[in-house]
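Quick look at work-v7.cif (mmCIF, C-alpha atoms and all ligand atoms):
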```cif
data_my_file
#
loop_
_atom_site.label_atom_id
_atom_site.label_comp_id
_atom_site.auth_asym_id
_atom_site.auth_seq_id
_atom_site.Cartn_x
_atom_site.Cartn_y
_atom_site.Cartn_z
CA GLU I 1 4.27 30.53 -5.85
CA THR I 2 5.20 26.80 -5.85
CA VAL I 3 3.45 24.75 -8.53
CA ILE I 4 3.12 21.02 -7.86
CA ASN I 5 2.03 18.72 -10.70
CA VAL I 6 -0.12 16.01 -9.05
CA ILE I 7 -0.58 13.19 -11.54
CA ASN I 8 -3.26 10.52 -11.35
CA PRO I 9 -1.70 7.70 -13.39
CA ASN I 10 -5.09 6.08 -13.94
CA MET I 11 -7.51 7.55 -16.48
CA THR I 12 -10.48 8.22 -14.13
CA VAL I 13 -11.05 11.97 -13.87
CA THR I 14 -13.30 11.75 -10.78
CA MET I 15 -10.37 10.18 -8.93
CA THR I 16 -8.09 12.98 -10.12
CA GLU I 17 -10.58 15.48 -8.68
CA LEU I 18 -10.59 13.69 -5.30
CA ILE I 19 -6.78 13.51 -5.32
CA ALA I 20 -6.32 17.17 -6.32
CA LYS I 21 -8.76 18.25 -3.59
CA ALA I 22 -6.79 16.30 -0.96
CA ALA I 23 -3.53 17.69 -2.33
CA GLN I 24 -4.75 21.31 -2.18
CA ALA I 25 -6.08 20.76 1.37
CA SER I 26 -2.62 19.58 2.44
CA ALA I 27 -0.62 22.23 0.56
CA SER I 28 0.69 25.52 1.98
CA PRO I 29 -1.15 28.72 1.04
CA HIS I 30 1.49 29.72 -1.55
CA THR I 31 1.37 26.35 -3.33
CA ARG I 32 -0.75 25.77 -6.43
CA ILE I 33 -1.77 22.18 -7.19
CA VAL I 34 -2.25 21.23 -10.84
CA GLY I 35 -4.10 17.91 -11.12
CA ARG I 36 -3.41 15.87 -14.25
CA THR I 37 -4.99 12.62 -15.45
CA ALA I 38 -3.20 10.00 -17.56
CA ARG I 39 -4.56 9.90 -21.11
CA PHE I 40 -3.09 6.46 -21.83
CA GLY I 41 -3.24 3.29 -19.73
CA ALA I 42 -6.02 1.95 -17.51
CA ALA I 43 -9.17 3.25 -15.80
CA SER I 44 -7.73 1.96 -12.53
CA ILE I 45 -4.44 0.36 -11.53
CA GLU I 46 -4.85 -3.00 -9.83
CA GLY I 47 -1.85 -5.10 -10.75
CA HIS I 48 1.50 -5.27 -12.57
CA TYR I 49 0.05 -5.07 -16.07
CA ASP I 50 -2.00 -1.94 -15.23
CA GLU I 51 1.11 -0.37 -13.66
CA ALA I 52 3.25 -1.02 -16.74
CA ILE I 53 0.85 0.63 -19.17
CA ALA I 54 -0.14 3.40 -16.72
CA ALA I 55 3.50 4.42 -16.34
CA VAL I 56 3.56 5.47 -20.02
CA GLY I 57 0.55 7.73 -19.56
CA MET I 58 1.96 9.09 -16.30
CA LEU I 59 5.28 10.02 -17.96
CA LYS I 60 3.41 12.07 -20.58
CA GLU I 61 1.92 14.10 -17.73
CA VAL I 62 5.39 14.60 -16.23
CA GLU I 63 6.42 16.10 -19.59
CA ALA I 64 3.33 18.33 -19.56
CA GLY I 65 4.12 19.55 -16.06
CA ASP I 66 7.73 20.26 -16.93
CA ALA I 67 6.62 22.16 -20.04
CA GLU I 68 4.48 24.31 -17.76
CA GLY I 69 7.46 24.89 -15.45
CA CYS I 70 6.14 23.09 -12.36
CA HIS I 71 8.44 22.90 -9.33
CA ALA I 72 7.77 19.24 -8.42
CA HIS I 73 5.75 16.19 -9.45
CA VAL I 74 3.69 13.81 -7.32
CA ILE I 75 2.78 10.38 -8.74
CA ALA I 76 -0.57 9.79 -7.07
CA CYS I 77 -0.92 6.02 -7.27
CA PHE I 78 0.14 3.72 -4.45
CA GLY I 79 2.28 1.55 -6.71
CA ASP I 80 4.49 4.57 -7.49
CA PRO I 81 4.42 3.45 -11.16
CA GLY I 82 7.32 4.73 -13.24
CA LEU I 83 8.86 6.65 -10.33
CA LEU I 84 12.52 6.26 -11.35
CA ALA I 85 11.66 6.80 -15.04
CA ALA I 86 10.00 10.08 -14.03
CA ARG I 87 13.10 11.02 -12.03
CA GLU I 88 15.25 10.45 -15.14
CA LEU I 89 12.86 12.48 -17.27
CA SER I 90 12.49 15.49 -14.99
CA ALA I 91 15.00 17.82 -13.38
CA VAL I 92 12.64 18.76 -10.53
CA PRO I 93 11.78 16.53 -7.54
CA VAL I 94 9.41 13.61 -8.19
CA LEU I 95 7.67 11.88 -5.28
CA GLY I 96 5.55 8.73 -5.26
CA ILE I 97 2.74 8.64 -2.68
CA ALA I 98 3.78 5.22 -1.37
CA GLU I 99 7.38 6.25 -0.71
CA ALA I 100 6.25 9.53 0.86
CA ALA I 101 3.65 7.84 3.08
CA MET I 102 6.07 5.17 4.30
CA HIS I 103 8.68 7.78 5.22
CA ALA I 104 6.10 9.92 7.01
CA ALA I 105 4.94 6.85 8.99
CA SER I 106 8.56 5.99 9.89
CA PHE I 107 8.99 9.46 11.39
CA VAL I 108 6.06 9.07 13.81
CA ALA I 109 6.05 5.34 14.64
CA THR I 110 8.58 2.51 14.86
CA HIS I 111 6.30 0.22 12.84
CA PHE I 112 3.34 0.67 10.52
CA SER I 113 1.00 -1.47 8.43
CA ILE I 114 -0.36 -0.64 5.01
CA VAL I 115 -4.05 -1.12 4.18
CA THR I 116 -4.68 -1.24 0.44
CA THR I 117 -7.50 -2.20 -1.93
CA LEU I 118 -7.31 -5.61 -3.65
CA SER I 119 -5.35 -8.51 -2.12
CA ARG I 120 -3.58 -9.08 -5.45
CA THR I 121 -1.89 -5.67 -5.18
CA LYS I 122 -0.42 -6.37 -1.72
CA VAL I 123 2.71 -7.81 -3.35
CA ILE I 124 3.31 -4.47 -5.10
CA ALA I 125 3.32 -2.63 -1.76
CA GLU I 126 5.57 -5.35 -0.30
CA HIS I 127 8.06 -4.89 -3.15
CA LEU I 128 8.02 -1.12 -2.63
CA ALA I 129 8.66 -1.47 1.12
CA ARG I 130 11.65 -3.66 0.32
CA ASN I 131 12.96 -1.34 -2.41
CA TYR I 132 12.60 1.70 -0.13
CA GLY I 133 14.43 0.04 2.76
CA MET I 134 11.22 0.08 4.80
CA GLU I 135 10.99 -3.64 5.61
CA GLN I 136 12.15 -3.02 9.17
CA HIS I 137 9.28 -0.56 9.66
CA CYS I 138 6.46 -2.08 7.61
CA ARG I 139 4.96 -4.94 9.61
CA LYS I 140 2.19 -6.06 7.23
CA VAL I 141 0.32 -5.18 4.04
CA ARG I 142 -3.44 -5.72 4.42
CA ALA I 143 -6.26 -5.36 1.90
CA VAL I 144 -9.96 -4.50 2.19
CA ASP I 145 -10.77 -6.16 -1.16
CA VAL I 146 -12.67 -3.21 -2.52
CA ALA I 147 -11.91 -2.34 -6.16
CA VAL I 148 -10.31 1.06 -6.70
CA LEU I 149 -13.29 2.41 -8.65
CA ASP I 150 -15.74 1.18 -6.00
CA LEU I 151 -14.09 3.22 -3.21
CA ASP I 152 -16.52 6.11 -3.70
CA LYS I 153 -19.62 3.90 -3.84
CA PRO I 154 -21.74 4.07 -0.66
CA GLU I 155 -22.71 0.39 -0.97
CA ALA I 156 -19.02 -0.57 -0.73
CA ASN I 157 -19.04 0.76 2.86
CA VAL I 158 -15.32 1.51 2.47
CA ARG I 159 -15.05 3.55 5.66
CA GLY I 160 -16.49 0.75 7.80
CA THR I 161 -14.41 -1.96 6.12
CA LEU I 162 -11.25 0.14 6.35
CA LEU I 163 -11.91 0.89 10.02
CA GLY I 164 -12.29 -2.84 10.76
CA GLU I 165 -9.04 -3.70 8.99
CA CYS I 166 -7.19 -0.87 10.76
CA GLU I 167 -8.49 -2.08 14.13
CA ALA I 168 -7.27 -5.60 13.34
CA ALA I 169 -3.88 -4.17 12.40
CA LEU I 170 -3.72 -2.27 15.70
CA ARG I 171 -4.61 -5.43 17.63
CA GLU I 172 -2.35 -7.87 15.80
CA ASP I 173 0.54 -6.16 14.00
CA GLY I 174 2.45 -4.37 16.78
CA ILE I 175 2.25 -1.04 14.96
CA GLY I 176 1.83 2.63 15.83
CA ALA I 177 0.63 4.03 12.50
CA ILE I 178 -1.32 3.06 9.39
CA VAL I 179 -0.55 3.93 5.77
CA LEU I 180 -3.53 4.07 3.40
CA GLY I 181 -2.57 2.14 0.29
CA CYS I 182 -4.58 3.96 -2.37
CA ALA I 183 -4.80 7.53 -3.64
CA GLY I 184 -8.55 7.06 -3.68
CA MET I 185 -8.56 6.79 0.12
CA ALA I 186 -7.05 10.29 0.50
CA ASP I 187 -10.30 11.73 1.83
CA LEU I 188 -10.56 9.11 4.61
CA ALA I 189 -7.26 9.55 6.47
CA GLN I 190 -8.28 12.37 8.83
CA ASP I 191 -11.51 10.69 9.92
CA LEU I 192 -9.86 7.29 10.51
CA SER I 193 -6.99 8.88 12.44
CA THR I 194 -9.44 10.60 14.78
CA GLU I 195 -11.49 7.43 15.22
CA LEU I 196 -8.46 5.19 15.87
CA GLY I 197 -6.36 7.69 17.85
CA ILE I 198 -3.22 6.95 15.81
CA PRO I 199 -1.53 8.54 12.78
CA VAL I 200 -3.28 7.38 9.59
CA ILE I 201 -1.22 8.58 6.67
CA ASP I 202 -2.45 9.46 3.19
CA GLY I 203 0.39 9.49 0.69
CA VAL I 204 -1.08 12.34 -1.38
CA ALA I 205 -0.87 14.78 1.55
CA ALA I 206 2.55 13.47 2.61
CA ALA I 207 3.97 13.71 -0.91
CA VAL I 208 2.72 17.28 -1.39
CA ARG I 209 4.30 18.48 1.86
CA PHE I 210 7.55 16.62 1.22
CA ALA I 211 7.65 18.10 -2.29
CA GLU I 212 7.25 21.59 -0.80
CA ALA I 213 10.08 20.79 1.62
CA LEU I 214 12.44 19.68 -1.17
CA VAL I 215 11.61 22.77 -3.25
CA GLY I 216 12.16 24.93 -0.17
CA LEU I 217 15.53 23.27 0.38
CA GLY I 218 16.44 24.09 -3.23
CA LEU I 219 16.85 20.37 -3.96
CA LYS I 220 16.30 19.00 -7.47
CA THR I 221 16.67 15.48 -8.86
CA SER I 222 20.35 14.78 -9.40
CA LYS I 223 21.32 14.53 -13.08
CA HIS I 224 24.67 12.98 -12.25
CA GLY I 225 24.72 9.19 -12.76
CA ASP I 226 21.67 7.00 -12.25
CA LEU I 227 18.95 9.61 -12.79
CA ALA I 228 20.59 11.50 -15.67
CA PHE I 229 18.26 12.46 -18.54
CA PRO I 230 17.32 9.50 -20.80
CA LEU I 231 19.80 8.92 -23.65
CA PRO I 232 18.67 10.40 -26.98
CA LYS I 233 17.41 7.69 -29.37
CA ALA I 234 14.48 6.76 -31.57
CA ARG I 235 11.39 6.17 -29.43
CA THR I 236 7.70 5.64 -30.18
CA THR I 237 5.79 8.57 -28.71
CA LEU I 238 2.04 8.72 -28.05
O1 LIG Q 1 -2.82 -0.04 -6.00
C1 LIG Q 1 -3.92 0.31 -5.59
O2 LIG Q 1 -4.76 -0.44 -5.14
C2 LIG Q 1 -4.27 1.74 -5.58
C3 LIG Q 1 -3.80 2.43 -6.81
N1 LIG Q 1 -4.54 2.07 -8.02
C4 LIG Q 1 -5.04 3.20 -8.58
O3 LIG Q 1 -5.68 3.24 -9.65
N2 LIG Q 1 -4.72 4.27 -7.82
C5 LIG Q 1 -4.05 3.89 -6.73
O4 LIG Q 1 -3.63 4.59 -5.80
#
```

Once more with this new file: its structure as structure tokens, please.
Amino acid sequence: ETVINVINPNMTVTMTELIAKAAQASASPHTRIVGRTARFGAASIEGHYDEAIAAVGMLKEVEAGDAEGCHAHVIACFGDPGLLAARELSAVPVLGIAEAAMHAASFVATHFSIVTTLSRTKVIAEHLARNYGMEQHCRKVRAVDVAVLDLDKPEANVRGTLLGECEAALREDGIGAIVLGCAGMADLAQDLSTELGIPVIDGVAAAVRFAEALVGLGLKTSKHGDLAFPLPKARTTL
């Protein structure tokens, strides 16, 4: 059995449930998904400050997963908060849903656009695309301006708004695929892909399958050099 620790770095349990459901739906039969929710940080992550404090809570859940002997971690927040810190901390593979989604999109299209939640978080996705060497593939980061915790509210009409933004991206951006820029959109990817007739990629599903692939390849996070375990020293723990 492969155990994948899927961490919601925000503190909203209903989102963790949606994420874990999407992760299990994507996983192979012999994979067990353990969903974990950050117990320190923010109810939702919508900017640099939220990301900074959420990373601390996320890292505690990496420790919990490692203590349980999980085979890989998925950081299920589109900002990939604390990704390299988690890779230092753990010896098993750690994937962020943004990195995983962008790579999946680059395998099936020459260019893609990202559609995320609030306009103020577009810059975070732009920084990630640059850091991941994806600027040649990522044409544009768009936003539907729906707050993360409103995604599951019927009155927000997220599906309709997302569809409109994706159609604009298809018309204007010169792309072949769309990346959904929020873990909370995980349950919408399939439906939008069918409606639009193009790959619409949810990073939770992509990260779970890539994690399985890395485990299957016997690959673990390298502890030589940059991602070696953190140096022992006095630290404030939660
Ligand atoms: O950055 C975003 O808009 C989405 C990001 N925030 C969050 O609480 N979970 C996420 O996936």

Contacts of stretch 151-157 of chain I at 10 Å or less, counting all atoms listed in the file, minus same-chain residues fewer than 3 places along, as a list in words?
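Selected residues are Thr14, Met15, Leu18, Thr117, Asp145, Val146, Ala147, Val148, Gly160, Thr161, Leu162, Cys182, Gly184 and Met185 of chain I.
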
request  = Using all atoms listed in the file, determine which residues fall within 6 Å of ligand LIG 1 (chain Q), then list them as a ChimeraX atom specification.
outcome  = /I:10,44-46,77-79,116-118,121,148,182-184

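Using all atoms listed in the file, the nearest neighbour of I:Glu195 within the list I:Tyr49, I:Glu167, I:Ala64, I:Arg130 is I:Glu167.
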
Taking all atoms listed in the file into account, name the residue in I:Val123, I:Leu217, I:Ala234, I:Val92 that is nearest to I:Val3.
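Among I:Val123, I:Leu217, I:Ala234, I:Val92, it is I:Val92 that comes nearest to I:Val3.
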
Margin query: Nearest residue to I:Ser119 out of I:Gly216, I:Gly47, I:Gly176, I:Pro230, using only C-alpha atoms?
Written below: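 Among I:Gly216, I:Gly47, I:Gly176, I:Pro230, it is I:Gly47 that comes nearest to I:Ser119.
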
Contacts of I:His48 at 12 Å or less, counting all atoms listed in the file, minus same-chain residues fewer than 5 places along, as a count of residues only? 15

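Distance-wise, atom CA of I:Arg171 and atom CA of I:Asp150 end up 26.9 Å apart.
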
- Message: What's the separation between atom CA of I:Ile7 and atom CA of I:Gly181, in Å to one decimal place?
- Response: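 Computed distance, atom CA of I:Ile7 to atom CA of I:Gly181, equals 16.3 Å.
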
Discussion item. One number please: atom CA of I:Ile19 to atom CA of I:Cys138, in Å, one decimal.
Written reply: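 For atom CA of I:Ile19 relative to atom CA of I:Cys138, the distance reads 24.2 Å.
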
Across I:Asp202, I:Asp187, I:Glu212, I:Asp50, the smallest distance to I:Ala101, with only C-alpha atoms counted, is shown by I:Asp202

Skipping near chain neighbours, those fewer than 6 positions away, what residues fall within 12 Å of I:Ser222 using all atoms listed in the file, listed as number ranges by chain? I: 84, 87-94, 228-229

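The smallest atom-to-atom distance between I:Leu192 and any of I:Ala27, I:Leu238, I:Ile178, I:Leu128, using all atoms listed in the file, is found for I:Ile178.
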
Restricting to all atoms listed in the file, whichever of I:Ile33, I:Leu59, I:Leu180, I:Ala100 is closest to I:Thr2 is I:Ile33

| task | Tell me which protein, DNA and RNA residues are within 10 Å of I:Thr237, counting only C-alpha atoms, leaving out same-chain ones fewer than 2 positions away, and put them as an NGL selection string. | result | :I and (56 or 60 or 234-235)

Query - Residues within 8 Å of I:Ala23, only C-alpha atoms, excluding chain neighbours under 5 positions, as a PyMOL selection string - result: chain I and resi 6+33+204-205+208
